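So this block is data27.cif, mmCIF, N, CA, C and O atoms:
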```cif
data_model
#
loop_
_atom_site.label_atom_id
_atom_site.label_comp_id
_atom_site.auth_asym_id
_atom_site.auth_seq_id
_atom_site.Cartn_x
_atom_site.Cartn_y
_atom_site.Cartn_z
N ASN A 1 70.70 21.31 54.63
CA ASN A 1 71.11 22.39 55.50
C ASN A 1 71.54 23.56 54.65
O ASN A 1 72.18 23.39 53.62
N SER A 2 71.23 24.75 55.09
CA SER A 2 71.63 25.94 54.35
C SER A 2 71.79 27.12 55.29
O SER A 2 71.31 27.10 56.42
N TRP A 3 72.49 28.11 54.81
CA TRP A 3 72.66 29.38 55.50
C TRP A 3 72.12 30.47 54.60
O TRP A 3 72.44 30.52 53.41
N THR A 4 71.29 31.34 55.14
CA THR A 4 70.73 32.45 54.38
C THR A 4 71.10 33.76 55.06
O THR A 4 70.90 33.92 56.27
N THR A 5 71.66 34.67 54.27
CA THR A 5 71.99 36.00 54.79
C THR A 5 71.36 37.04 53.88
O THR A 5 71.16 36.81 52.69
N GLU A 6 71.03 38.18 54.46
CA GLU A 6 70.43 39.27 53.70
C GLU A 6 71.05 40.58 54.14
O GLU A 6 71.22 40.83 55.33
N ILE A 7 71.38 41.41 53.16
CA ILE A 7 71.90 42.75 53.42
C ILE A 7 70.87 43.74 52.90
O ILE A 7 70.45 43.66 51.74
N ASP A 8 70.43 44.65 53.77
CA ASP A 8 69.41 45.64 53.42
C ASP A 8 70.00 47.04 53.43
O ASP A 8 70.87 47.35 54.24
N TYR A 9 69.49 47.88 52.55
CA TYR A 9 69.86 49.30 52.52
C TYR A 9 68.59 50.12 52.36
O TYR A 9 67.81 49.91 51.43
N TYR A 10 68.35 51.01 53.31
CA TYR A 10 67.19 51.89 53.30
C TYR A 10 67.66 53.31 52.97
O TYR A 10 68.14 54.02 53.85
N PRO A 11 67.55 53.76 51.72
CA PRO A 11 68.06 55.09 51.37
C PRO A 11 67.26 56.23 52.00
O PRO A 11 67.81 57.31 52.22
N PHE A 12 65.98 56.04 52.27
CA PHE A 12 65.15 57.09 52.87
C PHE A 12 64.63 56.59 54.21
O PHE A 12 63.43 56.42 54.41
N ASN A 13 65.50 56.37 55.15
CA ASN A 13 65.13 55.77 56.43
C ASN A 13 64.24 56.68 57.27
O ASN A 13 63.44 56.21 58.06
N ASN A 14 64.34 57.98 57.11
CA ASN A 14 63.54 58.91 57.91
C ASN A 14 62.51 59.65 57.06
O ASN A 14 62.32 60.84 57.19
N GLY A 15 61.84 58.94 56.17
CA GLY A 15 60.85 59.56 55.28
C GLY A 15 61.32 59.46 53.84
O GLY A 15 62.50 59.28 53.56
N GLY A 16 60.38 59.60 52.93
CA GLY A 16 60.69 59.46 51.52
C GLY A 16 61.33 60.69 50.93
O GLY A 16 61.64 61.66 51.62
N PRO A 17 61.55 60.68 49.62
CA PRO A 17 62.11 61.85 48.95
C PRO A 17 61.13 63.02 49.00
O PRO A 17 59.94 62.83 49.26
N SER A 18 61.61 64.22 48.73
CA SER A 18 60.74 65.40 48.85
C SER A 18 59.56 65.35 47.88
O SER A 18 58.50 65.90 48.16
N VAL A 19 59.70 64.69 46.74
CA VAL A 19 58.61 64.59 45.76
C VAL A 19 57.52 63.64 46.26
O VAL A 19 56.34 63.92 46.10
N PHE A 20 57.91 62.52 46.87
CA PHE A 20 56.97 61.52 47.39
C PHE A 20 57.33 61.23 48.85
O PHE A 20 57.90 60.18 49.16
N PRO A 21 56.97 62.09 49.80
CA PRO A 21 57.38 61.87 51.19
C PRO A 21 56.74 60.65 51.85
O PRO A 21 57.22 60.17 52.86
N TRP A 22 55.67 60.12 51.27
CA TRP A 22 54.97 58.95 51.83
C TRP A 22 55.58 57.64 51.36
O TRP A 22 55.23 56.58 51.86
N MET A 23 56.48 57.67 50.38
CA MET A 23 57.04 56.45 49.80
C MET A 23 58.37 56.09 50.48
O MET A 23 59.15 56.97 50.82
N ASN A 24 58.58 54.82 50.64
CA ASN A 24 59.84 54.33 51.18
C ASN A 24 60.16 53.02 50.48
O ASN A 24 59.27 52.31 50.02
N PHE A 25 61.42 52.67 50.38
CA PHE A 25 61.81 51.40 49.78
C PHE A 25 63.14 50.95 50.35
O PHE A 25 63.85 51.72 50.99
N LYS A 26 63.44 49.69 50.13
CA LYS A 26 64.74 49.16 50.52
C LYS A 26 65.32 48.39 49.35
O LYS A 26 64.62 47.83 48.52
N LEU A 27 66.62 48.40 49.27
CA LEU A 27 67.37 47.60 48.32
C LEU A 27 67.97 46.45 49.10
O LEU A 27 68.43 46.64 50.23
N PHE A 28 67.97 45.25 48.53
CA PHE A 28 68.49 44.13 49.28
C PHE A 28 69.21 43.13 48.39
O PHE A 28 68.96 43.03 47.20
N LEU A 29 70.14 42.41 49.00
CA LEU A 29 70.81 41.25 48.43
C LEU A 29 70.62 40.10 49.39
O LEU A 29 70.80 40.26 50.60
N GLU A 30 70.25 38.94 48.87
CA GLU A 30 70.07 37.76 49.71
C GLU A 30 70.86 36.61 49.11
O GLU A 30 70.83 36.39 47.90
N ASP A 31 71.57 35.91 49.96
CA ASP A 31 72.43 34.81 49.54
C ASP A 31 72.07 33.56 50.33
O ASP A 31 71.91 33.62 51.55
N THR A 32 71.92 32.44 49.65
CA THR A 32 71.67 31.15 50.30
C THR A 32 72.79 30.20 49.93
O THR A 32 73.04 29.97 48.75
N LEU A 33 73.48 29.69 50.94
CA LEU A 33 74.58 28.74 50.77
C LEU A 33 74.16 27.39 51.32
O LEU A 33 73.76 27.29 52.48
N TYR A 34 74.26 26.37 50.50
CA TYR A 34 73.86 25.03 50.92
C TYR A 34 75.08 24.22 51.36
O TYR A 34 76.05 24.12 50.63
N THR A 35 75.00 23.65 52.56
CA THR A 35 76.03 22.72 53.04
C THR A 35 75.63 21.28 52.78
O THR A 35 76.48 20.43 52.59
N LYS A 36 74.32 21.01 52.79
CA LYS A 36 73.77 19.70 52.43
C LYS A 36 72.51 19.93 51.60
O LYS A 36 71.79 20.89 51.81
N PHE A 37 72.27 19.03 50.65
CA PHE A 37 71.06 19.10 49.85
C PHE A 37 70.58 17.67 49.66
O PHE A 37 71.37 16.80 49.30
N ASN A 38 69.32 17.40 49.90
CA ASN A 38 68.76 16.04 49.88
C ASN A 38 69.55 15.10 50.78
O ASN A 38 69.74 13.93 50.48
N GLY A 39 70.06 15.65 51.90
CA GLY A 39 70.76 14.84 52.89
C GLY A 39 72.22 14.55 52.60
O GLY A 39 72.86 13.86 53.37
N ARG A 40 72.77 15.07 51.50
CA ARG A 40 74.16 14.77 51.16
C ARG A 40 74.92 16.04 50.81
O ARG A 40 74.34 17.01 50.33
N MET A 41 76.25 16.00 51.00
CA MET A 41 77.10 17.13 50.65
C MET A 41 77.54 17.06 49.19
O MET A 41 77.71 18.07 48.53
N GLY A 42 77.77 15.88 48.69
CA GLY A 42 78.23 15.72 47.31
C GLY A 42 77.51 14.57 46.63
O GLY A 42 77.04 13.64 47.27
N ASN A 43 77.43 14.64 45.31
CA ASN A 43 76.80 13.63 44.48
C ASN A 43 75.42 13.25 45.00
O ASN A 43 75.06 12.09 45.09
N TYR A 44 74.61 14.26 45.32
CA TYR A 44 73.29 13.99 45.89
C TYR A 44 72.28 13.48 44.86
O TYR A 44 71.26 12.93 45.21
N ASP A 45 72.58 13.66 43.56
CA ASP A 45 71.63 13.24 42.54
C ASP A 45 72.15 12.13 41.63
O ASP A 45 71.48 11.75 40.68
N GLY A 46 73.34 11.61 41.91
CA GLY A 46 73.90 10.55 41.08
C GLY A 46 74.65 11.06 39.86
O GLY A 46 75.20 10.28 39.10
N TYR A 47 74.68 12.37 39.64
CA TYR A 47 75.39 12.96 38.51
C TYR A 47 76.60 13.77 38.94
O TYR A 47 77.15 14.53 38.16
N GLY A 48 77.00 13.64 40.20
CA GLY A 48 78.20 14.31 40.69
C GLY A 48 78.01 15.74 41.15
O GLY A 48 78.99 16.41 41.45
N ARG A 49 76.78 16.20 41.23
CA ARG A 49 76.56 17.58 41.69
C ARG A 49 76.74 17.67 43.19
O ARG A 49 76.35 16.79 43.93
N SER A 50 77.34 18.77 43.63
CA SER A 50 77.50 19.00 45.06
C SER A 50 76.38 19.91 45.56
O SER A 50 75.66 20.54 44.77
N ALA A 51 76.24 19.99 46.87
CA ALA A 51 75.21 20.85 47.46
C ALA A 51 75.44 22.31 47.09
O ALA A 51 74.49 23.06 46.88
N GLY A 52 76.71 22.72 46.97
CA GLY A 52 77.02 24.10 46.63
C GLY A 52 76.57 24.51 45.24
O GLY A 52 76.50 25.70 44.93
N ALA A 53 76.24 23.56 44.38
CA ALA A 53 75.74 23.89 43.04
C ALA A 53 74.37 24.55 43.10
O ALA A 53 73.91 25.12 42.11
N ASN A 54 73.70 24.48 44.24
CA ASN A 54 72.37 25.07 44.40
C ASN A 54 72.41 26.44 45.09
O ASN A 54 71.35 27.01 45.37
N ASN A 55 73.59 26.96 45.38
CA ASN A 55 73.70 28.27 46.02
C ASN A 55 73.02 29.33 45.16
O ASN A 55 73.10 29.28 43.93
N THR A 56 72.36 30.28 45.80
CA THR A 56 71.67 31.34 45.07
C THR A 56 72.01 32.71 45.63
O THR A 56 72.25 32.87 46.84
N LEU A 57 72.03 33.69 44.76
CA LEU A 57 72.22 35.08 45.13
C LEU A 57 71.21 35.89 44.32
O LEU A 57 71.14 35.74 43.09
N PHE A 58 70.41 36.68 45.00
CA PHE A 58 69.49 37.54 44.27
C PHE A 58 69.33 38.86 44.99
O PHE A 58 69.59 38.98 46.18
N GLY A 59 68.93 39.85 44.24
CA GLY A 59 68.71 41.18 44.79
C GLY A 59 67.36 41.70 44.36
O GLY A 59 66.73 41.16 43.45
N GLY A 60 66.94 42.75 45.02
CA GLY A 60 65.63 43.30 44.68
C GLY A 60 65.37 44.63 45.32
O GLY A 60 66.18 45.16 46.09
N ILE A 61 64.22 45.17 44.99
CA ILE A 61 63.73 46.42 45.56
C ILE A 61 62.37 46.12 46.19
O ILE A 61 61.51 45.53 45.57
N TRP A 62 62.23 46.53 47.43
CA TRP A 62 60.99 46.32 48.18
C TRP A 62 60.35 47.69 48.38
O TRP A 62 60.90 48.55 49.06
N LEU A 63 59.20 47.91 47.76
CA LEU A 63 58.50 49.21 47.85
C LEU A 63 57.46 49.19 48.96
O LEU A 63 56.72 48.23 49.11
N VAL A 64 57.43 50.28 49.72
CA VAL A 64 56.45 50.44 50.81
C VAL A 64 55.75 51.78 50.59
O VAL A 64 56.38 52.80 50.39
N PHE A 65 54.42 51.76 50.63
CA PHE A 65 53.64 52.98 50.45
C PHE A 65 52.95 53.34 51.73
O PHE A 65 52.53 52.54 52.48
#
```

Starting from the file, lay out its structure as structure tokens.
Amino acid sequence: NSWTTEIDYYPFNNGGPSVFPWMNFKLFLEDTLYTKFNGRMGNYDGYGRSAGANNTLFGGIWLVF
């Protein structure tokens, strides 16, 4: 089980910059929080790792032409 959230920011929501009016992009952060992994909350692999050890956070730029 996991929860995924994403935060988006569109700096040119109503058209691109004056130099490239056809271009648009978004900046984003995405976070995935695991409550269970491989069916268990803790020690899912026999080495004492919890599901939260697999949490991920990443960001990026999405270009649209």

Would you please work out which residue, of A:Gly52, A:Ile7, A:Gly46, A:Phe12, is nearest to Leu27 in chain A when using all atoms listed in the file?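 Using all atoms listed in the file, the shortest distance to Leu27 in chain A belongs to A:Ile7.
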
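Of the residues listed (A:Ser50, A:Phe20, A:Leu63, A:Asp8), A:Ser50 shows the shortest atom-to-atom separation from Lys36 in chain A; distances use only N, CA, C and O atoms.
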
Check which residues satisfy the PyMOL selection byres ((chain A and resi 29) around 8) in the file shown, then give them as a count of residues only. 18

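Separating atom N of Asn55 in chain A from atom N of Tyr10 in chain A is a distance of 25.9 Å.
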
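Here CA of Leu33 in chain A is placed at a distance of 29.2 Å from CA of Asn13 in chain A.
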
Calculate how many Å separate atom N of Ala51 in chain A from CA of Trp3 in chain A, rounding to one decimal. 13.2 Å

Could you write out as lines of an AutoDock Vina configuration file the box around range 7-11 of chain A (axis-aligned, all atoms listed in the file, 6 Å on each side), with centre and edge lengths in Å to one decimal?
```
center_x = 69.5
center_y = 49.4
center_z = 52.8
size_x = 16.7
size_y = 27.9
size_z = 14.9
```

Rank A:Asn14, A:Asn1, A:Asn54, A:Asn24 by their smallest atom-to-atom distance to Asn38 in chain A, using all atoms listed in the file, and report the top residue only.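 For Asn38 in chain A, the nearest of the given residues is A:Asn1.
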